[in-house]
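The structure under discussion appears below in the form of structure tokens.
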Amino acid sequence: MTDLQSIAPRDKAEILAQALPYIRKFHGKTMVIKYGGNAMTDPELQADFAEDVVLLKLVGMNPVVVHGGGPQIETALKRLGKKGEFIQGMRVTDSETMEVVEWVLAGEVQQDIVGLINQAGGKAVGLTGRDGGLMRAKKLKLLDNKDPNIEHDVGQVGDIVSIDPSVVKALQDDAFIPVVSPIGFGEENESYNINADVVASKLATVLKAEKLVLLTNIPGVLDKQGQLLTELTSREIDGLIEDGTISGGMLPKLAGAIDAAKSGVNAVHIVDGRVPHSMLLEILTDQAYGTMIRSY
């Protein structure tokens, strides 16, 4: 990473001047950031991420962080001698596993992120779906890939029923940075583990966010030659899915991104979280550090 001390003062001023139009354009706007991948496990990248979030807040934007925690959940389950079971990529979550998921996501992971943001000079507040009735959920119906008449029981894995963003808005208006764990609650006050990409996409839609930023472990959406596609429309993505360019783990990520773009979020960015300050570079400079998806 470039040492700031080695950059000439004039170049530093040029960098700041370049960011000004973006700061002006996005002032007062909400940015929902899905925090995951290497950015979440590498200590240096964790510190960079926290600084970036605080900077966005200080220049007048309203960042909202939604986090995952798959690797941390896996580690905790192993410590308890419990083996993770998956059906069609979904973690089977019985009541015992759900307890672990809750204390890892809403305890350990969330509080780490809150601590890092506070350490970087921000004022972060941790939330789950229960807080302020933020996220109501129901049991996810997982139909078999090959035979839709077969339904798999994956336990306490949830689908979002509704989001009431009033608690998030109240915190934003009061200079706080909300950090949301992807846990919803059901009719009987039971807990549900929800895919963090889905939570981020739905939350961005409900908050009428200017941007949804998904931090991942890939450079962005790649074409068949492995080249980065820096800008796409939802229609172009449909074509890339049909011809097989986009497949596998990218599909659920893009499904949420496309939904958000079609539902009024101005731009969705899939950004490489392994690049230091990639989120800031994507939002505040002309340079593309990932794939931007527009609804049109």
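Chain identifiers are assigned as A, B, and so on, following the order in which chains appear in the structure tokens; residues are numbered from 1 within each chain, and ligands are numbered from 1 in order of appearance.
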TODO: Show which residues sit within 9 Å of Gly132 (chain A), as a list in words. Count only C-alpha atoms, and ignore same-chain residues fewer than 4 positions away.
DONE: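 Result of the neighbour search: Leu127, Thr128, Asp164, Pro165, Ser166, Val167 and Val168 of chain A.
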Open item on the list: I'd like to know which residues of region 22-181 of chain A are strand (DSSP E) (by DSSP, run on the backbone); could you write them as a PyMOL selection string?
Closed with: chain A and resi 30-35+62-67+86-87+90-91+124-127+135-139+142-143+151-152+158-163+177-180
Task: Selection: 7 Å around Gly129 (chain A), only C-alpha atoms, excl. self and same-chain fewer than 5 positions, as a list in words - done: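 Surrounding residues, per the criterion: Leu134, Met135, Arg136, Pro182, Ile183, Gly184 and Phe185 of chain A.
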Task: Among the residues A:His277, A:Lys253, A:Lys34, A:Lys12, the one that comes closest to His67 (chain A) [using only C-alpha atoms] - done: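 Once distances to His67 (chain A) are computed over only C-alpha atoms, the minimum belongs to A:Lys34.
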TODO: Please identify all polymer residues within 10 Å of Phe49 (chain A), counting only C-alpha atoms, omitting same-chain residues fewer than 5 positions from it, and present them as JSON, numbers by chain.
DONE: {"A": [35, 39, 40, 43, 44, 54, 55, 113, 116, 117, 120, 273, 276, 277, 278, 279, 280]}
Any chance you could export the current selection's C-alpha atoms as an mmCIF file, in the first residue's frame?
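Okay, result-v7.cif is ready:
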```
data_model
loop_
_atom_site.group_PDB
_atom_site.id
_atom_site.type_symbol
_atom_site.label_atom_id
_atom_site.label_comp_id
_atom_site.auth_asym_id
_atom_site.auth_seq_id
_atom_site.Cartn_x
_atom_site.Cartn_y
_atom_site.Cartn_z
ATOM 1 C CA TYR A 35 -19.233 -6.429 5.071
ATOM 2 C CA ALA A 39 -12.033 -7.546 4.604
ATOM 3 C CA MET A 40 -13.660 -9.039 7.679
ATOM 4 C CA PRO A 43 -6.703 -7.276 10.815
ATOM 5 C CA GLU A 44 -5.233 -4.572 8.518
ATOM 6 C CA VAL A 54 -16.057 6.719 9.718
ATOM 7 C CA LEU A 55 -14.797 8.935 6.881
ATOM 8 C CA ILE A 113 -17.058 -4.290 14.193
ATOM 9 C CA LEU A 116 -13.263 -1.047 15.430
ATOM 10 C CA ILE A 117 -15.527 1.752 14.172
ATOM 11 C CA ALA A 120 -11.499 4.832 14.381
ATOM 12 C CA GLY A 273 -12.670 -6.349 -0.152
ATOM 13 C CA PRO A 276 -7.215 -1.769 1.023
ATOM 14 C CA HIS A 277 -9.783 1.085 1.056
ATOM 15 C CA SER A 278 -11.512 -0.365 -2.054
ATOM 16 C CA MET A 279 -14.920 0.841 -0.838
ATOM 17 C CA LEU A 280 -13.708 4.423 -0.505
#
```
Give me, as a Markdown table, the closest atom pair and its distance (Å, one decimal) for every residue of region 114-211 of chain A within a cut-off of 12 Å of region 80-92 of chain A, counting only C-alpha atoms, rows sorted by chain and rising number.
```
| residue | atom | partner | partner_atom | distance |
| --- | --- | --- | --- | --- |
| A:Lys139 | CA | A:Val92 | CA | 11.9 |
| A:Leu140 | CA | A:Met90 | CA | 10.3 |
| A:Lys141 | CA | A:Met90 | CA | 11.3 |
| A:Leu142 | CA | A:Gln88 | CA | 8.7 |
| A:Leu143 | CA | A:Gln88 | CA | 9.5 |
| A:Asp144 | CA | A:Gln88 | CA | 8.1 |
| A:Asn145 | CA | A:Gln88 | CA | 7.8 |
| A:Lys146 | CA | A:Gln88 | CA | 10.8 |
| A:Glu151 | CA | A:Ile87 | CA | 10.9 |
| A:His152 | CA | A:Ile87 | CA | 7.7 |
| A:Asp153 | CA | A:Val92 | CA | 7.7 |
| A:Val154 | CA | A:Val92 | CA | 4.3 |
| A:Gly155 | CA | A:Val92 | CA | 5.8 |
| A:Gln156 | CA | A:Val92 | CA | 7.7 |
| A:Val157 | CA | A:Val92 | CA | 7.4 |
| A:Gly158 | CA | A:Met90 | CA | 10.8 |
| A:Tyr192 | CA | A:Val92 | CA | 11.5 |
| A:Asn193 | CA | A:Arg91 | CA | 9.2 |
| A:Ile194 | CA | A:Met90 | CA | 10.1 |
| A:Asn195 | CA | A:Met90 | CA | 9.0 |
```
Write a file of the just-selected residues containing N, CA and C atoms, as an mmCIF file, in the first residue's frame.
```cif
data_model
loop_
_atom_site.group_PDB
_atom_site.id
_atom_site.type_symbol
_atom_site.label_atom_id
_atom_site.label_comp_id
_atom_site.auth_asym_id
_atom_site.auth_seq_id
_atom_site.Cartn_x
_atom_site.Cartn_y
_atom_site.Cartn_z
ATOM 1 N N LYS A 139 -39.892 -18.937 8.387
ATOM 2 C CA LYS A 139 -39.043 -20.066 8.007
ATOM 3 C C LYS A 139 -38.893 -20.113 6.483
ATOM 4 N N LEU A 140 -37.665 -20.267 6.026
ATOM 5 C CA LEU A 140 -37.392 -20.328 4.587
ATOM 6 C C LEU A 140 -37.863 -21.664 4.010
ATOM 7 N N LYS A 141 -38.589 -21.587 2.889
ATOM 8 C CA LYS A 141 -38.979 -22.811 2.178
ATOM 9 C C LYS A 141 -37.918 -23.086 1.122
ATOM 10 N N LEU A 142 -37.162 -24.167 1.318
ATOM 11 C CA LEU A 142 -36.099 -24.498 0.367
ATOM 12 C C LEU A 142 -36.546 -25.657 -0.512
ATOM 13 N N LEU A 143 -36.871 -25.325 -1.776
ATOM 14 C CA LEU A 143 -37.314 -26.358 -2.707
ATOM 15 C C LEU A 143 -36.106 -27.004 -3.354
ATOM 16 N N ASP A 144 -36.239 -28.289 -3.665
ATOM 17 C CA ASP A 144 -35.144 -29.041 -4.266
ATOM 18 C C ASP A 144 -34.805 -28.477 -5.645
ATOM 19 N N ASN A 145 -33.504 -28.399 -5.938
ATOM 20 C CA ASN A 145 -33.043 -27.882 -7.237
ATOM 21 C C ASN A 145 -33.597 -28.668 -8.419
ATOM 22 N N LYS A 146 -33.671 -29.988 -8.232
ATOM 23 C CA LYS A 146 -34.068 -30.850 -9.360
ATOM 24 C C LYS A 146 -35.556 -31.168 -9.353
ATOM 25 N N GLU A 151 -39.429 -30.456 -0.592
ATOM 26 C CA GLU A 151 -39.025 -29.300 0.201
ATOM 27 C C GLU A 151 -38.061 -29.754 1.288
ATOM 28 N N HIS A 152 -36.902 -29.105 1.372
ATOM 29 C CA HIS A 152 -35.892 -29.460 2.380
ATOM 30 C C HIS A 152 -36.116 -28.630 3.648
ATOM 31 N N ASP A 153 -35.949 -29.268 4.798
ATOM 32 C CA ASP A 153 -36.059 -28.559 6.071
ATOM 33 C C ASP A 153 -34.661 -28.145 6.524
ATOM 34 N N VAL A 154 -34.390 -26.836 6.488
ATOM 35 C CA VAL A 154 -33.062 -26.352 6.907
ATOM 36 C C VAL A 154 -33.125 -25.679 8.285
ATOM 37 N N GLY A 155 -34.222 -25.945 9.023
ATOM 38 C CA GLY A 155 -34.324 -25.437 10.391
ATOM 39 C C GLY A 155 -34.607 -23.947 10.453
ATOM 40 N N GLN A 156 -33.892 -23.262 11.352
ATOM 41 C CA GLN A 156 -34.188 -21.842 11.617
ATOM 42 C C GLN A 156 -33.442 -20.895 10.661
ATOM 43 N N VAL A 157 -33.577 -21.188 9.371
ATOM 44 C CA VAL A 157 -33.072 -20.292 8.332
ATOM 45 C C VAL A 157 -34.275 -19.493 7.858
ATOM 46 N N GLY A 158 -34.127 -18.180 7.769
ATOM 47 C CA GLY A 158 -35.292 -17.341 7.547
ATOM 48 C C GLY A 158 -35.354 -16.614 6.225
ATOM 49 N N TYR A 192 -34.289 -16.337 13.532
ATOM 50 C CA TYR A 192 -33.964 -16.908 12.217
ATOM 51 C C TYR A 192 -32.648 -16.336 11.711
ATOM 52 N N ASN A 193 -31.828 -17.214 11.157
ATOM 53 C CA ASN A 193 -30.581 -16.824 10.513
ATOM 54 C C ASN A 193 -30.900 -16.494 9.047
ATOM 55 N N ILE A 194 -30.575 -15.294 8.611
ATOM 56 C CA ILE A 194 -30.920 -14.860 7.247
ATOM 57 C C ILE A 194 -29.639 -14.543 6.487
ATOM 58 N N ASN A 195 -29.628 -14.860 5.194
ATOM 59 C CA ASN A 195 -28.480 -14.563 4.346
ATOM 60 C C ASN A 195 -28.177 -13.056 4.395
#
```
Open item on the list: I'd like to know which residues of region 9-194 of chain A are helix (DSSP H, G or I) (by DSSP, run on the backbone); could you write them as a PyMOL selection string?
Closed with: chain A and resi 9-26+37-40+43-58+70-79+95-119+131-133+166-173
Residue subset to file, keeping C-alpha atoms, as a PDB file, in the first residue's frame:
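Wrote again.pdb, looks like this:
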```pdb
ATOM      1  CA  PRO A   9       1.484  17.645  -1.053  1.00  0.00           C
ATOM      2  CA  ARG A  10       0.205  18.774  -4.479  1.00  0.00           C
ATOM      3  CA  ASP A  11      -0.780  15.173  -5.328  1.00  0.00           C
ATOM      4  CA  LYS A  12      -2.561  14.826  -1.978  1.00  0.00           C
ATOM      5  CA  ALA A  13      -4.515  18.002  -2.715  1.00  0.00           C
ATOM      6  CA  GLU A  14      -5.375  16.651  -6.191  1.00  0.00           C
ATOM      7  CA  ILE A  15      -6.718  13.405  -4.656  1.00  0.00           C
ATOM      8  CA  LEU A  16      -8.895  15.373  -2.210  1.00  0.00           C
ATOM      9  CA  ALA A  17     -10.139  17.689  -4.965  1.00  0.00           C
ATOM     10  CA  GLN A  18     -11.145  14.662  -7.069  1.00  0.00           C
ATOM     11  CA  ALA A  19     -13.266  13.361  -4.199  1.00  0.00           C
ATOM     12  CA  LEU A  20     -15.122  16.666  -3.734  1.00  0.00           C
ATOM     13  CA  PRO A  21     -17.801  16.233  -6.460  1.00  0.00           C
ATOM     14  CA  TYR A  22     -18.645  12.784  -5.052  1.00  0.00           C
ATOM     15  CA  ILE A  23     -18.804  14.085  -1.482  1.00  0.00           C
ATOM     16  CA  ARG A  24     -21.146  16.859  -2.641  1.00  0.00           C
ATOM     17  CA  LYS A  25     -23.283  14.477  -4.728  1.00  0.00           C
ATOM     18  CA  PHE A  26     -23.727  11.885  -1.964  1.00  0.00           C
ATOM     19  CA  GLY A  37     -14.916 -11.920   3.024  1.00  0.00           C
ATOM     20  CA  ASN A  38     -11.229 -11.155   3.651  1.00  0.00           C
ATOM     21  CA  ALA A  39     -12.033  -7.546   4.604  1.00  0.00           C
ATOM     22  CA  MET A  40     -13.660  -9.039   7.679  1.00  0.00           C
ATOM     23  CA  PRO A  43      -6.703  -7.276  10.815  1.00  0.00           C
ATOM     24  CA  GLU A  44      -5.233  -4.572   8.518  1.00  0.00           C
ATOM     25  CA  LEU A  45      -8.226  -4.664   6.188  1.00  0.00           C
ATOM     26  CA  GLN A  46     -10.563  -4.555   9.218  1.00  0.00           C
ATOM     27  CA  ALA A  47      -8.902  -1.324  10.378  1.00  0.00           C
ATOM     28  CA  ASP A  48      -9.066   0.145   6.830  1.00  0.00           C
ATOM     29  CA  PHE A  49     -12.774  -0.706   6.599  1.00  0.00           C
ATOM     30  CA  ALA A  50     -13.559   0.954   9.946  1.00  0.00           C
ATOM     31  CA  GLU A  51     -11.677   4.114   8.899  1.00  0.00           C
ATOM     32  CA  ASP A  52     -13.538   4.206   5.570  1.00  0.00           C
ATOM     33  CA  VAL A  53     -16.935   3.919   7.270  1.00  0.00           C
ATOM     34  CA  VAL A  54     -16.057   6.719   9.718  1.00  0.00           C
ATOM     35  CA  LEU A  55     -14.797   8.935   6.881  1.00  0.00           C
ATOM     36  CA  LEU A  56     -18.056   8.469   4.924  1.00  0.00           C
ATOM     37  CA  LYS A  57     -19.999   9.508   8.041  1.00  0.00           C
ATOM     38  CA  LEU A  58     -17.764  12.523   8.716  1.00  0.00           C
ATOM     39  CA  GLY A  70     -19.899 -17.812   8.070  1.00  0.00           C
ATOM     40  CA  PRO A  71     -16.240 -18.647   8.908  1.00  0.00           C
ATOM     41  CA  GLN A  72     -16.633 -17.464  12.516  1.00  0.00           C
ATOM     42  CA  ILE A  73     -19.789 -19.590  12.953  1.00  0.00           C
ATOM     43  CA  GLU A  74     -17.944 -22.617  11.516  1.00  0.00           C
ATOM     44  CA  THR A  75     -15.048 -22.099  13.968  1.00  0.00           C
ATOM     45  CA  ALA A  76     -17.424 -21.827  16.949  1.00  0.00           C
ATOM     46  CA  LEU A  77     -19.352 -24.976  15.943  1.00  0.00           C
ATOM     47  CA  LYS A  78     -16.073 -26.917  15.571  1.00  0.00           C
ATOM     48  CA  ARG A  79     -15.029 -25.824  19.068  1.00  0.00           C
ATOM     49  CA  SER A  95     -32.106 -24.791  17.670  1.00  0.00           C
ATOM     50  CA  GLU A  96     -28.656 -25.563  19.139  1.00  0.00           C
ATOM     51  CA  THR A  97     -26.895 -24.261  16.015  1.00  0.00           C
ATOM     52  CA  MET A  98     -29.132 -21.162  16.082  1.00  0.00           C
ATOM     53  CA  GLU A  99     -27.945 -20.380  19.616  1.00  0.00           C
ATOM     54  CA  VAL A 100     -24.344 -20.510  18.386  1.00  0.00           C
ATOM     55  CA  VAL A 101     -25.218 -18.382  15.315  1.00  0.00           C
ATOM     56  CA  GLU A 102     -26.796 -15.745  17.575  1.00  0.00           C
ATOM     57  CA  TRP A 103     -23.927 -15.436  20.014  1.00  0.00           C
ATOM     58  CA  VAL A 104     -21.331 -15.421  17.226  1.00  0.00           C
ATOM     59  CA  LEU A 105     -23.114 -12.886  14.974  1.00  0.00           C
ATOM     60  CA  ALA A 106     -24.853 -10.621  17.499  1.00  0.00           C
ATOM     61  CA  GLY A 107     -22.120 -11.039  20.107  1.00  0.00           C
ATOM     62  CA  GLU A 108     -18.577 -11.646  18.939  1.00  0.00           C
ATOM     63  CA  VAL A 109     -18.644 -10.463  15.298  1.00  0.00           C
ATOM     64  CA  GLN A 110     -20.961  -7.493  15.733  1.00  0.00           C
ATOM     65  CA  GLN A 111     -19.149  -6.177  18.785  1.00  0.00           C
ATOM     66  CA  ASP A 112     -15.763  -6.496  17.037  1.00  0.00           C
ATOM     67  CA  ILE A 113     -17.058  -4.290  14.193  1.00  0.00           C
ATOM     68  CA  VAL A 114     -18.666  -1.795  16.601  1.00  0.00           C
ATOM     69  CA  GLY A 115     -15.380  -1.626  18.546  1.00  0.00           C
ATOM     70  CA  LEU A 116     -13.263  -1.047  15.430  1.00  0.00           C
ATOM     71  CA  ILE A 117     -15.527   1.752  14.172  1.00  0.00           C
ATOM     72  CA  ASN A 118     -15.524   3.408  17.598  1.00  0.00           C
ATOM     73  CA  GLN A 119     -11.734   3.068  17.777  1.00  0.00           C
ATOM     74  CA  ASP A 131     -34.133  -4.218  17.982  1.00  0.00           C
ATOM     75  CA  GLY A 132     -36.934  -1.773  17.296  1.00  0.00           C
ATOM     76  CA  GLY A 133     -38.811  -4.568  15.481  1.00  0.00           C
ATOM     77  CA  SER A 166     -37.351   3.433  11.936  1.00  0.00           C
ATOM     78  CA  VAL A 167     -34.670   2.403  14.469  1.00  0.00           C
ATOM     79  CA  VAL A 168     -31.957   2.642  11.769  1.00  0.00           C
ATOM     80  CA  LYS A 169     -33.215   6.083  10.672  1.00  0.00           C
ATOM     81  CA  ALA A 170     -33.333   7.332  14.263  1.00  0.00           C
ATOM     82  CA  LEU A 171     -29.703   6.295  14.809  1.00  0.00           C
ATOM     83  CA  GLN A 172     -28.563   7.799  11.490  1.00  0.00           C
ATOM     84  CA  ASP A 173     -30.202  11.131  12.287  1.00  0.00           C
TER      85      ASP A 173
END
```
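Closest approach to Asp174 (chain A) from the set A:Ala124, A:Met31, A:Leu222, A:Val65 is made by A:Ala124, with distances taken over only C-alpha atoms.
Between Lys208 (chain A) and the residues A:Leu240, A:Ile283, A:Ala260, A:Val125, the shortest atom-to-atom distance, using only C-alpha atoms, involves A:Ala260.
As for CA of Lys123 (chain A) and CA of Ala175 (chain A), they are spaced 7.2 Å apart.
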TODO: Would you list the contacts of His27 (chain A) as a ChimeraX atom specification, taking every protein, DNA or RNA residue within 9 Å and counting only C-alpha atoms, but skipping same-chain residues closer than 5 positions in sequence?
DONE: /A:22,59-62
Let me see the file: selected residues, C-alpha atoms, as a PDB file, in the first residue's frame.
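Contents of again19.pdb, as written:
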```pdb
ATOM      1  CA  TYR A  22     -18.645  12.784  -5.052  1.00  0.00           C
ATOM      2  CA  VAL A  59     -18.181  13.887   5.158  1.00  0.00           C
ATOM      3  CA  GLY A  60     -21.960  13.765   5.534  1.00  0.00           C
ATOM      4  CA  MET A  61     -23.043  10.366   4.208  1.00  0.00           C
ATOM      5  CA  ASN A  62     -25.070   7.827   6.174  1.00  0.00           C
TER       6      ASN A  62
END
```
